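> Have a look at this one.
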Amino acid sequence: MELHRNKLIAAFTPIAFFRAINGSYDMENVRKLTYKTTLTDQEWQELVSLYNQKFQEERKRNDEQKKKHAQLKEKFQEKITQLKKIAASIPEITDIFLVNSYALGSLKETSDIDLLVITKPDTMWWTRLKLTAALELAGIRRKPGNIEEQFCLSFFITENAMDMSKIAIDDDLYLHFWISSVQSLLNRSLSSWHEQNPWLKDIFPSFSMQDFTSPPVPAQLIVPPTTPTSSPPSSSHFLNSLVRPLMQWRHRMKQKQLGPEASIVVSDTMFKFHNLDRRQHYKEQTLQELERLLAQANSKACPERQSKGSKLGIELQLRI
């Protein structure tokens, strides 16, 4: 049996994405992230056989990056445990997700650690101030001139505003894989994350709540299990109302200095401050890698590009 082209596109999309970001993956995860369709056991075996036969170079790249990523994660573990202790001590924090390169298998020597901080409603700005101060005192906050292995605090949301569809661009491949890759530090919010993004099931029909993971922590550094607080201190809402106007004004002034390539959201439920939004770039790179994979699947040679018609066909298929 030969896989239908549409099935190949669906199965190769996650591989193409990880190639585009120089990330790493397990084939088991590729099946869970098959794009907008499912594969039967027979179809999956056909895909694995094809992958093993024709993609030796990609297998080598993936294995090397996977090994490198695992080694770099080991370097981060003590700081991650330090972050976990700090986060557990701040009652306004519901959870913290480790995202981007740490969660997508694409760490490199110069990487920082991107965080998505989830807070109680009406406490986000006060929480950001407290967490920023705590990480600064601990010497683990990213800032100009001190980036490597530091924590980046550029994304905060409240626990009732986890629906990421409102910040999606057209056919937002990066966001789709990003949402499915988050790693929960406190194990408090993955269920809500899954519930508030039900549309993700249409993107990855084989992905489930149980497929989310948490960052590993060495046994000697394990923090006792944490439980969510029912509510933050009564003063938190008041303090949030005090600091919010100045902090929002400050970031809106910064926003005016940035160009159209930035992605900025400043509201009462979301703070997202990214100087460079590369989602469109990664989408285009993924489509190019997908073209190459499809060409390689159908021939021994792998041409650099196919026709525009072929690329258009892939884009249309991904939108279905």
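Just remember, in the structure tokens the first chain shown is A, the second B, etc., residues are 1-based per chain, and ligands are 1-based in the order shown.
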Using DSSP secondary structure from the backbone, list all alpha helix (DSSP H) positions within stretch 202-298 of chain A, as a PDB file with C-alpha atoms, in the first residue's frame.

```pdb
ATOM      1  CA  ASP A 202      -9.189  19.808  14.923  1.00  0.00           C
ATOM      2  CA  ILE A 203      -5.507  20.478  14.257  1.00  0.00           C
ATOM      3  CA  SER A 235      -4.483  42.823  48.897  1.00  0.00           C
ATOM      4  CA  SER A 236      -3.415  41.421  45.508  1.00  0.00           C
ATOM      5  CA  HIS A 237      -6.278  42.942  43.519  1.00  0.00           C
ATOM      6  CA  PHE A 238      -5.705  46.335  45.114  1.00  0.00           C
ATOM      7  CA  LEU A 239      -1.950  46.233  44.496  1.00  0.00           C
ATOM      8  CA  ASN A 240      -2.585  45.115  40.924  1.00  0.00           C
ATOM      9  CA  SER A 241      -4.837  48.123  40.363  1.00  0.00           C
ATOM     10  CA  LEU A 242      -2.064  50.388  41.654  1.00  0.00           C
ATOM     11  CA  VAL A 243       0.786  49.092  39.497  1.00  0.00           C
ATOM     12  CA  ARG A 244      -1.226  48.260  36.356  1.00  0.00           C
ATOM     13  CA  PRO A 245      -1.608  51.787  34.873  1.00  0.00           C
ATOM     14  CA  LEU A 246       2.085  52.629  35.088  1.00  0.00           C
ATOM     15  CA  MET A 247       3.256  49.224  33.831  1.00  0.00           C
ATOM     16  CA  GLN A 248       0.808  49.251  30.925  1.00  0.00           C
ATOM     17  CA  TRP A 249       1.791  52.804  29.988  1.00  0.00           C
ATOM     18  CA  ARG A 250       5.483  51.888  30.116  1.00  0.00           C
ATOM     19  CA  HIS A 251       5.077  48.917  27.776  1.00  0.00           C
ATOM     20  CA  ARG A 252       2.843  50.824  25.371  1.00  0.00           C
ATOM     21  CA  MET A 253       5.542  53.471  25.112  1.00  0.00           C
ATOM     22  CA  LYS A 254       8.040  50.718  24.291  1.00  0.00           C
ATOM     23  CA  GLN A 255       5.616  49.307  21.737  1.00  0.00           C
ATOM     24  CA  LYS A 256       5.624  52.578  19.803  1.00  0.00           C
ATOM     25  CA  ARG A 279       5.727  32.821  13.226  1.00  0.00           C
ATOM     26  CA  GLN A 280       5.262  33.789   9.577  1.00  0.00           C
ATOM     27  CA  HIS A 281       8.912  32.985   8.915  1.00  0.00           C
ATOM     28  CA  TYR A 282       8.603  29.541  10.511  1.00  0.00           C
ATOM     29  CA  LYS A 283       5.394  28.879   8.612  1.00  0.00           C
ATOM     30  CA  GLU A 284       7.146  29.588   5.307  1.00  0.00           C
ATOM     31  CA  GLN A 285      10.160  27.525   6.344  1.00  0.00           C
ATOM     32  CA  THR A 286       7.904  24.626   7.315  1.00  0.00           C
ATOM     33  CA  LEU A 287       6.197  24.696   3.914  1.00  0.00           C
ATOM     34  CA  GLN A 288       9.578  24.664   2.181  1.00  0.00           C
ATOM     35  CA  GLU A 289      10.765  21.747   4.305  1.00  0.00           C
ATOM     36  CA  LEU A 290       7.508  19.942   3.597  1.00  0.00           C
ATOM     37  CA  GLU A 291       8.083  20.322  -0.142  1.00  0.00           C
ATOM     38  CA  ARG A 292      11.538  18.792   0.232  1.00  0.00           C
ATOM     39  CA  LEU A 293      10.269  15.895   2.320  1.00  0.00           C
ATOM     40  CA  LEU A 294       7.540  15.070  -0.188  1.00  0.00           C
ATOM     41  CA  ALA A 295      10.019  15.227  -3.042  1.00  0.00           C
ATOM     42  CA  GLN A 296      12.421  12.973  -1.176  1.00  0.00           C
ATOM     43  CA  ALA A 297       9.642  10.510  -0.377  1.00  0.00           C
ATOM     44  CA  ASN A 298       8.941  10.134  -4.083  1.00  0.00           C
TER      45      ASN A 298
END
```
> As a list in words, please: every residue in stretch 100-158 of chain A that DSSP puts in strand (DSSP E or B).
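Written out, the strand (DSSP E or B) residues of stretch 100-158 of chain A are Ile113, Asp114, Leu115, Leu116, Val117, Ile118, Thr119, Arg141, Lys143, Asn146, Phe151, Cys152, Phe155, Phe156, Ile157 and Thr158 of chain A.
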> Hey, what's within 12 Å of A:Trp199 if we count only C-alpha atoms and toss same-chain stuff fewer than 4 positions away? As a CSV table (one decimal) with C-alpha atoms, in the first residue's frame, please?

```csv
chain,number,residue,atom,x,y,z
A,36,LYS,CA,-5.6,17.6,10.7
A,163,ASP,CA,-7.6,30.6,24.6
A,164,MET,CA,-4.7,31.2,22.2
A,165,SER,CA,-6.8,31.4,19.1
A,166,LYS,CA,-7.2,35.1,19.6
A,168,ALA,CA,-3.2,33.3,16.0
A,176,HIS,CA,-0.3,25.0,16.9
A,179,ILE,CA,0.4,25.0,22.3
A,180,SER,CA,0.8,21.3,22.2
A,193,TRP,CA,-5.2,24.8,29.0
A,194,HIS,CA,-6.6,21.9,27.1
A,195,GLU,CA,-10.2,22.8,27.9
A,203,ILE,CA,-5.5,20.5,14.3
A,204,PHE,CA,-4.1,17.4,16.0
A,205,PRO,CA,-6.9,14.8,16.2
A,207,PHE,CA,-3.3,14.5,20.5
```
> Find the residues near A:Lys66: any atom within 12 Å, counting only C-alpha atoms, skip ones fewer than 5 places away on the same chain, and give them as an MDAnalysis selection string.
chainID A and resid 18 22:26 58:61 71:73 101:108
> Export, as a short mmCIF file (atom, residue, chain, number, x, y, z; two decimals), in the first residue's frame, the selected residues with C-alpha atoms.

```cif
data_model
loop_
_atom_site.label_atom_id
_atom_site.label_comp_id
_atom_site.auth_asym_id
_atom_site.auth_seq_id
_atom_site.Cartn_x
_atom_site.Cartn_y
_atom_site.Cartn_z
CA PHE A 18 10.84 20.50 13.59
CA ASN A 22 16.01 22.80 14.11
CA GLY A 23 14.09 20.99 16.81
CA SER A 24 14.00 17.31 17.73
CA TYR A 25 11.22 14.77 18.04
CA ASP A 26 10.27 11.16 18.67
CA GLU A 58 17.05 13.66 8.63
CA ARG A 59 17.23 10.82 11.15
CA LYS A 60 20.87 11.70 11.78
CA ARG A 61 20.07 15.41 12.19
CA GLN A 71 22.53 17.64 27.40
CA LEU A 72 21.56 21.32 27.50
CA LYS A 73 18.40 20.56 29.48
CA SER A 101 13.11 26.04 22.47
CA TYR A 102 13.04 24.18 25.81
CA ALA A 103 9.73 22.49 24.99
CA LEU A 104 10.28 22.05 21.24
CA GLY A 105 13.62 20.25 21.40
CA SER A 106 15.58 23.11 19.83
CA LEU A 107 17.89 24.28 22.62
CA LYS A 108 21.31 25.60 21.65
#
```
> Report as a PyMOL selection string all protein, DNA and RNA residues lying within 10 Å of A:Ile80, evaluated on only C-alpha atoms, omitting residues in the same chain fewer than 3 positions from it.
chain A and resi 73+75-77+83-86+98+113+140+149-151+185+215-217+221
> Could those selected residues go to a file with all heavy atoms, as a compact mmCIF listing (two decimals), in the first residue's frame?

```
# COMPACT_ATOMS: atom_id res chain seq x y z
N LYS A 73 19.45 20.56 28.47
CA LYS A 73 18.40 20.56 29.48
C LYS A 73 18.97 20.23 30.86
O LYS A 73 18.53 20.78 31.87
CB LYS A 73 17.30 19.56 29.12
CG LYS A 73 16.33 20.06 28.06
CD LYS A 73 15.28 19.02 27.72
CE LYS A 73 14.30 18.83 28.84
NZ LYS A 73 13.18 17.93 28.44
N LYS A 75 21.77 21.11 31.99
CA LYS A 75 22.39 22.32 32.53
C LYS A 75 21.36 23.23 33.19
O LYS A 75 21.67 23.99 34.10
CB LYS A 75 23.09 23.10 31.41
CG LYS A 75 24.32 22.43 30.83
CD LYS A 75 24.85 23.22 29.64
CE LYS A 75 25.20 24.64 30.02
NZ LYS A 75 25.73 25.41 28.85
N PHE A 76 20.11 23.15 32.71
CA PHE A 76 19.07 24.06 33.18
C PHE A 76 18.35 23.57 34.43
O PHE A 76 17.60 24.33 35.05
CB PHE A 76 18.02 24.27 32.09
CG PHE A 76 18.52 25.01 30.88
CD1 PHE A 76 18.01 24.71 29.62
CD2 PHE A 76 19.47 25.99 30.98
CE1 PHE A 76 18.46 25.39 28.50
CE2 PHE A 76 19.93 26.67 29.87
CZ PHE A 76 19.42 26.37 28.62
N GLN A 77 18.55 22.31 34.81
CA GLN A 77 17.67 21.71 35.81
C GLN A 77 17.72 22.41 37.17
O GLN A 77 16.69 22.60 37.82
CB GLN A 77 17.98 20.22 35.97
CG GLN A 77 17.59 19.37 34.78
CD GLN A 77 16.19 19.69 34.26
OE1 GLN A 77 15.23 19.75 35.01
NE2 GLN A 77 16.08 19.90 32.96
N LEU A 83 13.42 28.11 40.06
CA LEU A 83 12.22 28.82 39.59
C LEU A 83 10.96 28.20 40.18
O LEU A 83 10.03 28.92 40.58
CB LEU A 83 12.16 28.76 38.06
CG LEU A 83 10.86 29.26 37.42
CD1 LEU A 83 10.71 30.77 37.62
CD2 LEU A 83 10.82 28.91 35.93
N LYS A 84 10.93 26.89 40.26
CA LYS A 84 9.74 26.21 40.80
C LYS A 84 9.50 26.60 42.25
O LYS A 84 8.37 26.83 42.67
CB LYS A 84 9.91 24.70 40.67
CG LYS A 84 8.67 23.90 41.06
CD LYS A 84 8.84 22.43 40.73
CE LYS A 84 7.56 21.66 41.04
NZ LYS A 84 7.68 20.22 40.66
N LYS A 85 10.56 26.69 43.03
CA LYS A 85 10.43 27.09 44.43
C LYS A 85 9.90 28.52 44.53
O LYS A 85 9.03 28.82 45.36
CB LYS A 85 11.78 26.97 45.13
CG LYS A 85 12.27 25.54 45.32
CD LYS A 85 13.65 25.52 45.97
CE LYS A 85 14.15 24.10 46.17
NZ LYS A 85 15.50 24.06 46.77
N ILE A 86 10.43 29.40 43.68
CA ILE A 86 9.97 30.79 43.70
C ILE A 86 8.51 30.87 43.30
O ILE A 86 7.69 31.55 43.95
CB ILE A 86 10.84 31.64 42.75
CG1 ILE A 86 12.27 31.77 43.31
CG2 ILE A 86 10.23 33.03 42.55
CD1 ILE A 86 13.26 32.41 42.35
N LEU A 98 6.91 26.10 30.57
CA LEU A 98 8.16 26.27 29.83
C LEU A 98 7.83 26.06 28.36
O LEU A 98 7.19 25.05 28.00
CB LEU A 98 9.22 25.28 30.30
CG LEU A 98 9.90 25.63 31.63
CD1 LEU A 98 8.99 25.35 32.81
CD2 LEU A 98 11.20 24.86 31.79
N ILE A 113 15.48 30.64 28.51
CA ILE A 113 14.33 29.77 28.78
C ILE A 113 13.08 30.64 28.78
O ILE A 113 12.89 31.47 29.67
CB ILE A 113 14.47 29.04 30.13
CG1 ILE A 113 15.85 28.36 30.23
CG2 ILE A 113 13.36 28.00 30.28
CD1 ILE A 113 16.13 27.74 31.58
N ILE A 140 18.58 35.09 37.98
CA ILE A 140 18.21 34.16 36.90
C ILE A 140 17.21 34.79 35.93
O ILE A 140 16.52 34.09 35.20
CB ILE A 140 17.63 32.84 37.47
CG1 ILE A 140 16.46 33.11 38.43
CG2 ILE A 140 18.72 32.04 38.17
CD1 ILE A 140 15.80 31.84 38.95
N GLU A 149 20.83 30.87 29.41
CA GLU A 149 20.35 30.09 30.55
C GLU A 149 19.55 30.93 31.56
O GLU A 149 19.40 30.54 32.71
CB GLU A 149 21.52 29.40 31.28
CG GLU A 149 22.27 28.41 30.41
CD GLU A 149 23.40 27.72 31.16
OE1 GLU A 149 23.25 27.50 32.38
OE2 GLU A 149 24.42 27.41 30.53
N GLN A 150 19.03 32.06 31.12
CA GLN A 150 18.21 32.90 31.99
C GLN A 150 16.74 32.79 31.60
O GLN A 150 16.40 32.37 30.50
CB GLN A 150 18.67 34.36 31.91
CG GLN A 150 20.14 34.58 32.27
CD GLN A 150 20.44 34.26 33.73
OE1 GLN A 150 20.70 33.12 34.09
NE2 GLN A 150 20.40 35.28 34.57
N PHE A 151 15.86 33.20 32.51
CA PHE A 151 14.42 33.10 32.26
C PHE A 151 13.87 34.38 31.65
O PHE A 151 14.12 35.48 32.15
CB PHE A 151 13.67 32.78 33.56
CG PHE A 151 13.97 31.41 34.10
CD1 PHE A 151 14.73 31.26 35.25
CD2 PHE A 151 13.51 30.28 33.45
CE1 PHE A 151 15.02 30.00 35.75
CE2 PHE A 151 13.80 29.01 33.94
CZ PHE A 151 14.56 28.87 35.09
N LEU A 185 5.22 23.61 34.90
CA LEU A 185 6.16 23.57 36.02
C LEU A 185 5.49 23.14 37.31
O LEU A 185 6.07 22.39 38.10
CB LEU A 185 6.79 24.96 36.20
CG LEU A 185 7.96 25.06 37.18
CD1 LEU A 185 9.17 24.28 36.67
CD2 LEU A 185 8.34 26.52 37.41
N PRO A 215 8.57 19.33 32.92
CA PRO A 215 10.03 19.23 32.86
C PRO A 215 10.56 18.29 33.93
O PRO A 215 10.11 18.33 35.08
CB PRO A 215 10.49 20.67 33.12
CG PRO A 215 9.35 21.32 33.82
CD PRO A 215 8.12 20.66 33.29
N PRO A 216 11.51 17.41 33.58
CA PRO A 216 12.07 16.50 34.58
C PRO A 216 12.96 17.26 35.56
O PRO A 216 13.61 18.24 35.21
CB PRO A 216 12.90 15.53 33.73
CG PRO A 216 13.29 16.34 32.53
CD PRO A 216 12.12 17.25 32.26
N VAL A 217 12.96 16.80 36.80
CA VAL A 217 13.81 17.40 37.83
C VAL A 217 14.59 16.28 38.50
O VAL A 217 14.01 15.27 38.89
CB VAL A 217 12.96 18.15 38.89
CG1 VAL A 217 13.85 18.72 39.98
CG2 VAL A 217 12.15 19.26 38.23
N LEU A 221 16.75 17.24 43.63
CA LEU A 221 16.28 18.62 43.56
C LEU A 221 14.76 18.72 43.52
O LEU A 221 14.22 19.80 43.32
CB LEU A 221 16.85 19.30 42.30
CG LEU A 221 18.37 19.45 42.25
CD1 LEU A 221 18.79 20.04 40.91
CD2 LEU A 221 18.87 20.33 43.38
```
> From the list A:Asp172, A:Glu109, A:Glu148, A:Glu28, which residue is nearest A:Arg278 when using only C-alpha atoms?
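Checking each of A:Asp172, A:Glu109, A:Glu148, A:Glu28 against A:Arg278, counting only C-alpha atoms, the winner is A:Asp172.
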> Pick from A:Thr110, A:Gln65, A:Gln45, A:Ser154: nearest to A:His274, with only C-alpha atoms counted?
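Among A:Thr110, A:Gln65, A:Gln45, A:Ser154, it is A:Ser154 that comes nearest to A:His274.
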